[in-house]
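**Student:** One file is attached below, model.pdb, containing PDB, C-alpha atoms and all ligand atoms.
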```
MODEL        1
ATOM      1  CA  MET A 297     102.388 103.866  73.973  1.00  0.00           C
ATOM      2  CA  ALA A 298     101.700 107.231  75.648  1.00  0.00           C
ATOM      3  CA  ASN A 299      99.599 105.622  78.380  1.00  0.00           C
ATOM      4  CA  PHE A 300     101.966 102.775  79.249  1.00  0.00           C
ATOM      5  CA  TRP A 301     102.292 104.018  82.861  1.00  0.00           C
ATOM      6  CA  GLN A 302      98.551 104.038  83.633  1.00  0.00           C
ATOM      7  CA  LYS A 303      98.100 100.333  84.374  1.00  0.00           C
ATOM      8  CA  PRO A 304     101.252 100.055  86.572  1.00  0.00           C
ATOM      9  CA  LEU A 305     100.063 103.163  88.446  1.00  0.00           C
ATOM     10  CA  LEU A 306      96.613 101.663  88.981  1.00  0.00           C
ATOM     11  CA  PHE A 307      98.261  98.418  90.152  1.00  0.00           C
ATOM     12  CA  VAL A 308     100.276 100.307  92.785  1.00  0.00           C
ATOM     13  CA  LEU A 309      97.187 102.288  93.901  1.00  0.00           C
ATOM     14  CA  LEU A 310      95.106  99.112  94.285  1.00  0.00           C
ATOM     15  CA  LEU A 311      97.922  97.416  96.199  1.00  0.00           C
ATOM     16  CA  THR A 312      98.449 100.371  98.578  1.00  0.00           C
ATOM     17  CA  PRO A 313      95.810  99.356 101.207  1.00  0.00           C
ATOM     18  CA  PHE A 314      97.515  95.946 101.412  1.00  0.00           C
ATOM     19  CA  LEU A 315     100.965  97.527 101.797  1.00  0.00           C
ATOM     20  CA  ILE A 316      99.667  99.828 104.566  1.00  0.00           C
ATOM     21  CA  LEU A 317      98.064  96.873 106.373  1.00  0.00           C
ATOM     22  CA  LEU A 318     101.239  94.822 105.993  1.00  0.00           C
ATOM     23  CA  PHE A 319     103.319  97.688 107.379  1.00  0.00           C
ATOM     24  CA  GLU A 320     100.935  98.138 110.318  1.00  0.00           C
ATOM     25  CA  ALA A 321     100.935  94.397 111.070  1.00  0.00           C
ATOM     26  CA  LEU A 322     104.727  94.052 110.859  1.00  0.00           C
ATOM     27  CA  SER A 323     105.436  97.117 112.976  1.00  0.00           C
ATOM     28  CA  GLY A 324     103.092  95.947 115.738  1.00  0.00           C
ATOM     29  CA  TYR A 325     100.579  98.818 115.365  1.00  0.00           C
ATOM     30  CA  LEU A 326      97.597  96.485 115.479  1.00  0.00           C
ATOM     31  CA  ILE A 327      96.086  95.868 118.903  1.00  0.00           C
ATOM     32  CA  ASP A 328      93.633  93.192 117.716  1.00  0.00           C
ATOM     33  CA  PRO A 329      95.249  91.967 114.436  1.00  0.00           C
ATOM     34  CA  ILE A 330      92.450  89.510 113.521  1.00  0.00           C
ATOM     35  CA  GLU A 331      89.713  92.159 113.653  1.00  0.00           C
ATOM     36  CA  GLU A 332      91.923  94.958 112.355  1.00  0.00           C
ATOM     37  CA  ILE A 333      92.821  92.948 109.249  1.00  0.00           C
ATOM     38  CA  THR A 334      89.478  91.140 108.709  1.00  0.00           C
ATOM     39  CA  ASN A 335      87.422  94.333 108.576  1.00  0.00           C
ATOM     40  CA  PRO A 336      89.588  96.471 106.246  1.00  0.00           C
ATOM     41  CA  THR A 337      90.282  93.591 103.831  1.00  0.00           C
ATOM     42  CA  GLY A 338      86.505  92.917 103.654  1.00  0.00           C
ATOM     43  CA  GLN A 339      85.849  96.601 103.078  1.00  0.00           C
ATOM     44  CA  TRP A 340      88.542  96.962 100.392  1.00  0.00           C
ATOM     45  CA  ALA A 341      87.229  93.840  98.621  1.00  0.00           C
ATOM     46  CA  PHE A 342      83.770  95.409  98.596  1.00  0.00           C
ATOM     47  CA  ARG A 343      84.991  98.892  97.617  1.00  0.00           C
ATOM     48  CA  PHE A 344      86.881  97.525  94.602  1.00  0.00           C
ATOM     49  CA  LEU A 345      83.867  95.395  93.670  1.00  0.00           C
ATOM     50  CA  LEU A 346      81.718  98.537  93.658  1.00  0.00           C
ATOM     51  CA  LEU A 347      84.431 100.466  91.802  1.00  0.00           C
ATOM     52  CA  SER A 348      84.386  97.824  89.060  1.00  0.00           C
ATOM     53  CA  LEU A 349      80.600  98.303  88.856  1.00  0.00           C
ATOM     54  CA  LEU A 350      81.102 102.064  88.547  1.00  0.00           C
ATOM     55  CA  ILE A 351      83.188 101.755  85.365  1.00  0.00           C
ATOM     56  CA  THR A 352      80.221 101.231  83.006  1.00  0.00           C
ATOM     57  CA  PRO A 353      78.207 104.280  84.189  1.00  0.00           C
ATOM     58  CA  LEU A 354      81.407 106.373  84.148  1.00  0.00           C
ATOM     59  CA  ASN A 355      82.065 105.225  80.607  1.00  0.00           C
ATOM     60  CA  LYS A 356      78.720 106.665  79.504  1.00  0.00           C
ATOM     61  CA  ILE A 357      79.477 110.045  81.068  1.00  0.00           C
ATOM     62  CA  LEU A 358      83.198 110.506  80.394  1.00  0.00           C
ATOM     63  CA  PRO A 359      84.644 111.321  76.963  1.00  0.00           C
ATOM     64  CA  PHE A 360      87.253 108.522  77.324  1.00  0.00           C
ATOM     65  CA  SER A 361      86.965 104.810  78.104  1.00  0.00           C
ATOM     66  CA  LEU A 362      87.949 103.184  81.401  1.00  0.00           C
ATOM     67  CA  ILE A 363      86.919  99.649  80.403  1.00  0.00           C
ATOM     68  CA  ARG A 364      90.535  98.459  80.127  1.00  0.00           C
ATOM     69  CA  TYR A 365      90.982  99.001  83.882  1.00  0.00           C
ATOM     70  CA  ARG A 366      87.902  97.048  84.983  1.00  0.00           C
ATOM     71  CA  ARG A 367      89.499  93.618  84.991  1.00  0.00           C
ATOM     72  CA  MET A 368      92.399  94.701  87.217  1.00  0.00           C
ATOM     73  CA  ILE A 369      90.008  96.327  89.708  1.00  0.00           C
ATOM     74  CA  GLY A 370      87.860  93.165  89.794  1.00  0.00           C
ATOM     75  CA  VAL A 371      90.871  90.902  90.306  1.00  0.00           C
ATOM     76  CA  PHE A 372      92.055  93.127  93.169  1.00  0.00           C
ATOM     77  CA  SER A 373      88.615  92.825  94.765  1.00  0.00           C
ATOM     78  CA  PHE A 374      89.156  89.053  94.706  1.00  0.00           C
ATOM     79  CA  PHE A 375      92.688  89.479  96.084  1.00  0.00           C
ATOM     80  CA  TYR A 376      91.371  91.389  99.130  1.00  0.00           C
ATOM     81  CA  ALA A 377      88.540  88.848  99.535  1.00  0.00           C
ATOM     82  CA  CYS A 378      91.213  86.091  99.641  1.00  0.00           C
ATOM     83  CA  LEU A 379      93.103  87.968 102.363  1.00  0.00           C
ATOM     84  CA  HIS A 380      89.808  88.482 104.228  1.00  0.00           C
ATOM     85  CA  LEU A 381      89.005  84.747 104.026  1.00  0.00           C
ATOM     86  CA  SER A 382      92.593  83.784 104.975  1.00  0.00           C
ATOM     87  CA  ILE A 383      92.373  85.756 108.220  1.00  0.00           C
ATOM     88  CA  TYR A 384      89.048  84.058 109.006  1.00  0.00           C
ATOM     89  CA  LEU A 385      90.675  80.637 108.354  1.00  0.00           C
ATOM     90  CA  ILE A 386      93.649  81.544 110.569  1.00  0.00           C
ATOM     91  CA  ASP A 387      91.254  82.754 113.280  1.00  0.00           C
ATOM     92  CA  GLN A 388      89.491  79.369 113.126  1.00  0.00           C
ATOM     93  CA  SER A 389      92.916  77.600 113.221  1.00  0.00           C
ATOM     94  CA  PHE A 390      92.069  75.919 109.854  1.00  0.00           C
ATOM     95  CA  GLU A 391      89.691  73.553 111.643  1.00  0.00           C
ATOM     96  CA  PHE A 392      87.697  72.643 108.559  1.00  0.00           C
ATOM     97  CA  GLN A 393      85.056  70.634 110.396  1.00  0.00           C
ATOM     98  CA  PHE A 394      84.253  73.710 112.522  1.00  0.00           C
ATOM     99  CA  ILE A 395      84.488  76.051 109.482  1.00  0.00           C
ATOM    100  CA  PHE A 396      82.041  73.867 107.532  1.00  0.00           C
ATOM    101  CA  GLU A 397      79.581  73.978 110.457  1.00  0.00           C
ATOM    102  CA  ASP A 398      80.099  77.741 110.809  1.00  0.00           C
ATOM    103  CA  VAL A 399      79.282  78.295 107.109  1.00  0.00           C
ATOM    104  CA  LEU A 400      76.045  76.356 107.610  1.00  0.00           C
ATOM    105  CA  LYS A 401      75.173  77.864 110.986  1.00  0.00           C
ATOM    106  CA  ARG A 402      75.881  81.604 110.825  1.00  0.00           C
ATOM    107  CA  PRO A 403      73.854  83.251 108.019  1.00  0.00           C
ATOM    108  CA  TYR A 404      76.321  86.119 107.472  1.00  0.00           C
ATOM    109  CA  VAL A 405      79.137  83.579 106.969  1.00  0.00           C
ATOM    110  CA  THR A 406      76.924  81.538 104.574  1.00  0.00           C
ATOM    111  CA  ILE A 407      76.229  84.672 102.529  1.00  0.00           C
ATOM    112  CA  GLY A 408      79.879  85.823 102.586  1.00  0.00           C
ATOM    113  CA  PHE A 409      80.995  82.384 101.497  1.00  0.00           C
ATOM    114  CA  SER A 410      78.492  82.319  98.603  1.00  0.00           C
ATOM    115  CA  GLY A 411      79.730  85.740  97.493  1.00  0.00           C
ATOM    116  CA  PHE A 412      83.310  84.514  97.668  1.00  0.00           C
ATOM    117  CA  ILE A 413      82.614  81.411  95.530  1.00  0.00           C
ATOM    118  CA  LEU A 414      80.994  83.574  92.830  1.00  0.00           C
ATOM    119  CA  LEU A 415      83.862  86.070  92.986  1.00  0.00           C
ATOM    120  CA  PHE A 416      86.290  83.164  92.637  1.00  0.00           C
ATOM    121  CA  LEU A 417      84.477  81.992  89.466  1.00  0.00           C
ATOM    122  CA  LEU A 418      84.693  85.488  88.004  1.00  0.00           C
ATOM    123  CA  ALA A 419      88.398  85.801  88.851  1.00  0.00           C
ATOM    124  CA  ILE A 420      89.412  82.457  87.289  1.00  0.00           C
ATOM    125  CA  THR A 421      87.453  83.236  84.120  1.00  0.00           C
ATOM    126  CA  SER A 422      88.849  86.744  83.740  1.00  0.00           C
ATOM    127  CA  THR A 423      91.742  85.847  81.411  1.00  0.00           C
ATOM    128  CA  ASN A 424      91.575  86.562  77.647  1.00  0.00           C
ATOM    129  CA  LYS A 425      91.757  82.822  77.010  1.00  0.00           C
ATOM    130  CA  MET A 426      88.687  82.157  79.194  1.00  0.00           C
ATOM    131  CA  VAL A 427      86.763  85.055  77.606  1.00  0.00           C
ATOM    132  CA  ARG A 428      87.391  83.455  74.188  1.00  0.00           C
ATOM    133  CA  ARG A 429      86.696  79.909  75.365  1.00  0.00           C
ATOM    134  CA  LEU A 430      83.391  80.728  77.127  1.00  0.00           C
ATOM    135  CA  GLY A 431      82.052  83.052  74.406  1.00  0.00           C
ATOM    136  CA  LYS A 432      78.471  84.137  75.179  1.00  0.00           C
ATOM    137  CA  ARG A 433      78.487  82.143  78.432  1.00  0.00           C
ATOM    138  CA  TRP A 434      81.245  84.445  79.731  1.00  0.00           C
ATOM    139  CA  LYS A 435      78.918  87.452  79.690  1.00  0.00           C
ATOM    140  CA  LYS A 436      76.163  85.468  81.422  1.00  0.00           C
ATOM    141  CA  LEU A 437      78.553  84.244  84.109  1.00  0.00           C
ATOM    142  CA  HIS A 438      79.999  87.706  84.685  1.00  0.00           C
ATOM    143  CA  ARG A 439      76.506  89.096  85.189  1.00  0.00           C
ATOM    144  CA  SER A 440      76.616  87.342  88.580  1.00  0.00           C
ATOM    145  CA  ILE A 441      78.445  90.470  89.762  1.00  0.00           C
ATOM    146  CA  TYR A 442      74.911  91.930  90.096  1.00  0.00           C
ATOM    147  CA  LEU A 443      74.164  89.166  92.606  1.00  0.00           C
ATOM    148  CA  ILE A 444      77.509  89.306  94.449  1.00  0.00           C
ATOM    149  CA  ALA A 445      77.131  92.996  95.351  1.00  0.00           C
ATOM    150  CA  PRO A 446      73.735  92.549  97.142  1.00  0.00           C
ATOM    151  CA  LEU A 447      75.063  89.367  98.820  1.00  0.00           C
ATOM    152  CA  ILE A 448      77.953  91.353 100.284  1.00  0.00           C
ATOM    153  CA  VAL A 449      75.575  94.127 101.385  1.00  0.00           C
ATOM    154  CA  VAL A 450      73.648  91.487 103.375  1.00  0.00           C
ATOM    155  CA  HIS A 451      76.923  89.965 104.677  1.00  0.00           C
ATOM    156  CA  PHE A 452      78.063  93.417 105.812  1.00  0.00           C
ATOM    157  CA  TYR A 453      74.715  94.255 107.395  1.00  0.00           C
ATOM    158  CA  TRP A 454      74.333  90.934 109.236  1.00  0.00           C
ATOM    159  CA  GLN A 455      77.855  90.936 110.667  1.00  0.00           C
ATOM    160  CA  ALA A 456      77.384  94.468 112.096  1.00  0.00           C
ATOM    161  CA  LYS A 457      77.175  94.615 115.878  1.00  0.00           C
ATOM    162  CA  SER A 458      74.167  96.960 115.728  1.00  0.00           C
ATOM    163  CA  SER A 459      71.311  97.075 113.218  1.00  0.00           C
ATOM    164  CA  MET A 460      71.661 100.877 113.336  1.00  0.00           C
ATOM    165  CA  ASP A 461      75.268 100.746 112.079  1.00  0.00           C
ATOM    166  CA  ILE A 462      75.424 103.446 109.405  1.00  0.00           C
ATOM    167  CA  GLU A 463      78.296 101.992 107.310  1.00  0.00           C
ATOM    168  CA  PRO A 464      76.444  98.975 105.826  1.00  0.00           C
ATOM    169  CA  MET A 465      73.562 101.328 104.989  1.00  0.00           C
ATOM    170  CA  ILE A 466      75.887 103.649 103.045  1.00  0.00           C
ATOM    171  CA  TYR A 467      77.315 100.688 101.095  1.00  0.00           C
ATOM    172  CA  ALA A 468      73.756  99.401 100.495  1.00  0.00           C
ATOM    173  CA  LEU A 469      72.748 102.778  99.068  1.00  0.00           C
ATOM    174  CA  ILE A 470      75.793 102.935  96.762  1.00  0.00           C
ATOM    175  CA  THR A 471      75.084  99.352  95.600  1.00  0.00           C
ATOM    176  CA  LEU A 472      71.446 100.233  94.933  1.00  0.00           C
ATOM    177  CA  LEU A 473      72.452 103.279  92.873  1.00  0.00           C
ATOM    178  CA  LEU A 474      75.022 101.314  90.856  1.00  0.00           C
ATOM    179  CA  LEU A 475      72.606  98.454  90.165  1.00  0.00           C
ATOM    180  CA  GLY A 476      69.751 100.889  89.472  1.00  0.00           C
ATOM    181  CA  PHE A 477      71.891 102.469  86.779  1.00  0.00           C
ATOM    182  CA  ARG A 478      71.986  99.132  84.913  1.00  0.00           C
ATOM    183  CA  ILE A 479      68.214  98.795  84.699  1.00  0.00           C
ATOM    184  CA  ASN A 480      66.720  99.895  81.434  1.00  0.00           C
ATOM    185  CA  TRP A 481      64.080 102.112  83.072  1.00  0.00           C
ATOM    186  CA  LYS A 482      62.518 103.180  79.753  1.00  0.00           C
ATOM    187  CA  LYS A 483      61.753  99.536  78.942  1.00  0.00           C
ATOM    188  CA  TRP A 484      60.311  98.924  82.430  1.00  0.00           C
ATOM    189  CA  LEU A 485      58.189 102.052  82.647  1.00  0.00           C
ATOM    190  CA  ASN A 486      56.661 101.824  79.158  1.00  0.00           C
TER     191      ASN A 486
HETATM  192  C1  LIG B   1      84.703  83.614 102.233  1.00  0.00           C
HETATM  193  C2  LIG B   1      83.727  83.885 102.988  1.00  0.00           C
HETATM  194  C3  LIG B   1      83.740  84.999 104.003  1.00  0.00           C
HETATM  195  C4  LIG B   1      83.893  84.882 105.333  1.00  0.00           C
HETATM  196  C5  LIG B   1      84.101  83.609 106.117  1.00  0.00           C
HETATM  197  C6  LIG B   1      83.815  86.216 105.897  1.00  0.00           C
HETATM  198  C7  LIG B   1      83.931  86.504 107.236  1.00  0.00           C
HETATM  199  C8  LIG B   1      83.813  87.749 107.785  1.00  0.00           C
HETATM  200  C9  LIG B   1      83.998  88.060 109.181  1.00  0.00           C
HETATM  201  C10 LIG B   1      84.378  87.049 110.257  1.00  0.00           C
HETATM  202  C11 LIG B   1      83.775  89.390 109.328  1.00  0.00           C
HETATM  203  C12 LIG B   1      83.907  90.205 110.619  1.00  0.00           C
HETATM  204  C13 LIG B   1      82.772  89.986 111.551  1.00  0.00           C
HETATM  205  C14 LIG B   1      82.986  90.650 112.892  1.00  0.00           C
HETATM  206  O1  LIG B   1      83.756  91.619 113.006  1.00  0.00           O
HETATM  207  O2  LIG B   1      82.372  90.177 113.843  1.00  0.00           O
HETATM  208  C15 LIG B   1      83.438  89.926 108.033  1.00  0.00           C
HETATM  209  C16 LIG B   1      83.123  91.224 107.767  1.00  0.00           C
HETATM  210  C17 LIG B   1      83.047  91.773 106.507  1.00  0.00           C
HETATM  211  N1  LIG B   1      83.190  91.097 105.310  1.00  0.00           N
HETATM  212 FE1  LIG B   1      83.400  89.110 105.096  1.00  0.00          FE
HETATM  213  N2  LIG B   1      83.625  87.108 104.888  1.00  0.00           N
HETATM  214  C18 LIG B   1      83.603  86.417 103.698  1.00  0.00           C
HETATM  215  C19 LIG B   1      83.474  86.945 102.416  1.00  0.00           C
HETATM  216  C20 LIG B   1      83.454  88.288 102.136  1.00  0.00           C
HETATM  217  C21 LIG B   1      83.534  88.853 100.818  1.00  0.00           C
HETATM  218  C22 LIG B   1      83.636  88.039  99.513  1.00  0.00           C
HETATM  219  C23 LIG B   1      83.481  90.216 100.975  1.00  0.00           C
HETATM  220  C24 LIG B   1      83.542  91.324  99.946  1.00  0.00           C
HETATM  221  C25 LIG B   1      83.679  91.182  98.646  1.00  0.00           C
HETATM  222  C26 LIG B   1      83.349  90.493 102.384  1.00  0.00           C
HETATM  223  C27 LIG B   1      83.221  91.745 102.942  1.00  0.00           C
HETATM  224  C28 LIG B   1      83.094  92.003 104.282  1.00  0.00           C
HETATM  225  C29 LIG B   1      82.843  93.323 104.837  1.00  0.00           C
HETATM  226  C30 LIG B   1      82.682  94.611 104.022  1.00  0.00           C
HETATM  227  C31 LIG B   1      82.814  93.182 106.222  1.00  0.00           C
HETATM  228  C32 LIG B   1      82.564  94.281 107.245  1.00  0.00           C
HETATM  229  C33 LIG B   1      83.864  94.955 107.614  1.00  0.00           C
HETATM  230  C34 LIG B   1      83.638  96.041 108.673  1.00  0.00           C
HETATM  231  O3  LIG B   1      82.782  95.897 109.547  1.00  0.00           O
HETATM  232  O4  LIG B   1      84.358  97.038 108.611  1.00  0.00           O
HETATM  233  N3  LIG B   1      83.345  89.302 103.065  1.00  0.00           N
HETATM  234  N4  LIG B   1      83.482  88.920 107.105  1.00  0.00           N
ENDMDL
END
```
Show how you would write the structure in this file as structure tokens.
Ligand code: HEM
**Tutor:**
Amino acid sequence: MANFWQKPLLFVLLLTPFLILLFEALSGYLIDPIEEITNPTGQWAFRFLLLSLLITPLNKILPFSLIRYRRMIGVFSFFYACLHLSIYLIDQSFEFQFIFEDVLKRPYVTIGFSGFILLFLLAITSTNKMVRRLGKRWKKLHRSIYLIAPLIVVHFYWQAKSSMDIEPMIYALITLLLLGFRINWKKWLN
């Protein structure tokens, strides 16, 4: 039981961006609340998604295992994605007819929405019970994380005001490195 504090500590760390945002919103610091909440929640969702992808490579390098933290990081990515989507829905005044048309019309919204649906499937199947119930199919389903990350790269890139925006490029590079690590290069090159 020596490490009983590690998961609660991680929980608090992952919740901190939300608490900061909440504090900023409640104390009236935000000049344009919709944009100033949409962008950081999208970024935190993506950062935690990438962090969950980093666990496997780290596991191969480090002398101890971090696998037990991966689920919490992934679920937090979904939590921030829900906040991100909620602000979008509020911004559109929950006008579902318009939202439906927007998802079909604006490619970056279509892509973001697809990423969200996949993330939702991963989150609802992340419990021990679902892992047991789905068996081998669980692993197959959870491999869609390798699709979600590039989808969000495209979402990030397409929503940027300028095609020369450096931030989406940095995220794209990190995604490429993390996905590249998963490829069995020996098998491909031989
Ligand atoms: C549910 C569907 C989604 C919708 C409707 C949506 C909508 C948006 C909107 C409106 C913006 C801001 C565009 C602007 O400033 O003009 C945005 C940016 C962004 N979204 Fe999403 N999004 C969705 C899903 C996601 C998901 C699942 C993620 C990550 C896992 C994500 C990550 C981001 C990122 C990283 C940005 C850029 C933030 C920045 O510029 O700092 N989005 N999204």
**Student:** Could you tell me how far atom CA of A:Met460 sits from atom CA of A:Leu473, in Å to one decimal place?
**Tutor:** 20.6 Å
**Student:** Which centre and which edge lengths, in Å to one decimal, describe the axis-aligned box that holds all listed atoms of ligand LIG 1 (chain B) after 3 Å is added on each side, as JSON?
**Tutor:**
```
{"center_x": 83.5, "center_y": 90.3, "center_z": 106.2, "size_x": 8.3, "size_y": 19.4, "size_z": 21.2}
```
**Student:** Give me the residues of chain A that have any atom at most 8 Å from an atom of ligand LIG 1 (chain B); for each, the nearest atom pair and the distance in Å, rounded to one decimal. Use only C-alpha atoms and all ligand atoms, sort by chain and number, and format it as CSV.
**Tutor:**
```
residue,atom,partner,partner_atom,distance
A:Glu331,CA,B:LIG1,O1,6.0
A:Thr334,CA,B:LIG1,C12,6.0
A:Asn335,CA,B:LIG1,C33,3.7
A:Pro336,CA,B:LIG1,O4,5.8
A:Thr337,CA,B:LIG1,C27,7.4
A:Gly338,CA,B:LIG1,C27,3.6
A:Gln339,CA,B:LIG1,C30,3.9
A:Trp340,CA,B:LIG1,C30,7.3
A:Ala341,CA,B:LIG1,C25,4.4
A:Phe342,CA,B:LIG1,C25,4.2
A:Arg343,CA,B:LIG1,C25,7.9
A:Leu345,CA,B:LIG1,C25,6.5
A:Ser373,CA,B:LIG1,C25,6.5
A:Phe374,CA,B:LIG1,C25,7.1
A:Tyr376,CA,B:LIG1,C25,7.7
A:Ala377,CA,B:LIG1,C22,5.0
A:Cys378,CA,B:LIG1,C1,7.4
A:His380,CA,B:LIG1,N2,6.4
A:Leu381,CA,B:LIG1,C1,4.8
A:Tyr384,CA,B:LIG1,C10,5.7
A:Leu385,CA,B:LIG1,C5,7.6
A:Val399,CA,B:LIG1,C5,7.2
A:Tyr404,CA,B:LIG1,C7,7.6
A:Val405,CA,B:LIG1,C5,5.0
A:Thr406,CA,B:LIG1,C2,7.4
A:Ile407,CA,B:LIG1,C2,7.6
A:Gly408,CA,B:LIG1,C19,3.8
A:Phe409,CA,B:LIG1,C2,3.5
A:Ser410,CA,B:LIG1,C2,7.0
A:Gly411,CA,B:LIG1,C22,5.0
A:Phe412,CA,B:LIG1,C22,4.0
A:Ile413,CA,B:LIG1,C1,7.4
A:Leu415,CA,B:LIG1,C22,6.8
A:Ile444,CA,B:LIG1,C25,7.7
A:Ala445,CA,B:LIG1,C25,7.6
A:Ile448,CA,B:LIG1,C24,5.6
A:Val449,CA,B:LIG1,C30,7.6
A:His451,CA,B:LIG1,N1,6.4
A:Phe452,CA,B:LIG1,C31,4.8
A:Tyr453,CA,B:LIG1,C32,7.9
A:Gln455,CA,B:LIG1,C13,5.1
A:Ala456,CA,B:LIG1,O3,6.1
A:Lys457,CA,B:LIG1,O2,7.1
A:Glu463,CA,B:LIG1,O3,7.9
A:Pro464,CA,B:LIG1,C30,7.8
```
**Student:** To one decimal in Å, tell me the separation between atom CA of A:Ile369 and atom CA of A:Leu354.
**Tutor:** 14.3 Å
**Student:** Mind pulling up the distance from atom CA of A:Leu317 to atom CA of A:Ile333?
**Tutor:** 7.2 Å
**Student:** Quick one: of A:Leu306, A:Ile441, A:Ile466, A:Val427, who's nearest to A:Phe372, counting only C-alpha atoms?
**Tutor:**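 When distances to A:Phe372 are compared using only C-alpha atoms, the smallest one comes from A:Leu306.
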**Student:** Find, counting all atoms listed in the file, the residue in A:Gln393, A:Ser440, A:Ser323, A:Thr423 that gets nearest to A:Met368.
**Tutor:**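 With all atoms listed in the file as the atom set, the closest residue is A:Thr423.
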**Student:** Within 12 Å of (70.4, 97.6, 92.4), only C-alpha atoms: residues as a compact mmCIF listing (two decimals) with C-alpha atoms, in the coordinates of the input?
**Tutor:**
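Output contents, as saved in point38.txt:
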```txt
# COMPACT_ATOMS: atom_id res chain seq x y z
CA LEU A 346 81.72 98.54 93.66
CA LEU A 349 80.60 98.30 88.86
CA ILE A 441 78.44 90.47 89.76
CA TYR A 442 74.91 91.93 90.10
CA LEU A 443 74.16 89.17 92.61
CA ILE A 444 77.51 89.31 94.45
CA ALA A 445 77.13 93.00 95.35
CA PRO A 446 73.74 92.55 97.14
CA LEU A 447 75.06 89.37 98.82
CA VAL A 449 75.58 94.13 101.38
CA TYR A 467 77.32 100.69 101.10
CA ALA A 468 73.76 99.40 100.50
CA LEU A 469 72.75 102.78 99.07
CA ILE A 470 75.79 102.94 96.76
CA THR A 471 75.08 99.35 95.60
CA LEU A 472 71.45 100.23 94.93
CA LEU A 473 72.45 103.28 92.87
CA LEU A 474 75.02 101.31 90.86
CA LEU A 475 72.61 98.45 90.16
CA GLY A 476 69.75 100.89 89.47
CA PHE A 477 71.89 102.47 86.78
CA ARG A 478 71.99 99.13 84.91
CA ILE A 479 68.21 98.80 84.70
CA ASN A 480 66.72 99.90 81.43
```
**Student:** Would you please work out which residue, of A:Phe314, A:Trp454, A:Trp434, A:Tyr325, is nearest to A:Phe375 when using only C-alpha atoms?
**Tutor:**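 The shortest atom-to-atom distance to A:Phe375 comes from A:Phe314.
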**Student:** Determine the nearest neighbour of A:Ser348 from the options A:Glu391, A:Ile420, A:Gly370, A:Ser361, counting all atoms listed in the file.
**Tutor:** A:Gly370
**Student:** Using all atoms listed in the file, pick whichever of A:Arg439, A:Ile330, A:Leu417, A:Val450 has the shortest atom-to-atom distance to A:Ser382.
**Tutor:** A:Ile330
**Student:** Check the smallest atom-to-atom distance from each of A:Leu347, A:Leu310, A:Ile383, A:Leu358 to A:Glu332 using only C-alpha atoms, then report the winner.
**Tutor:** A:Ile383
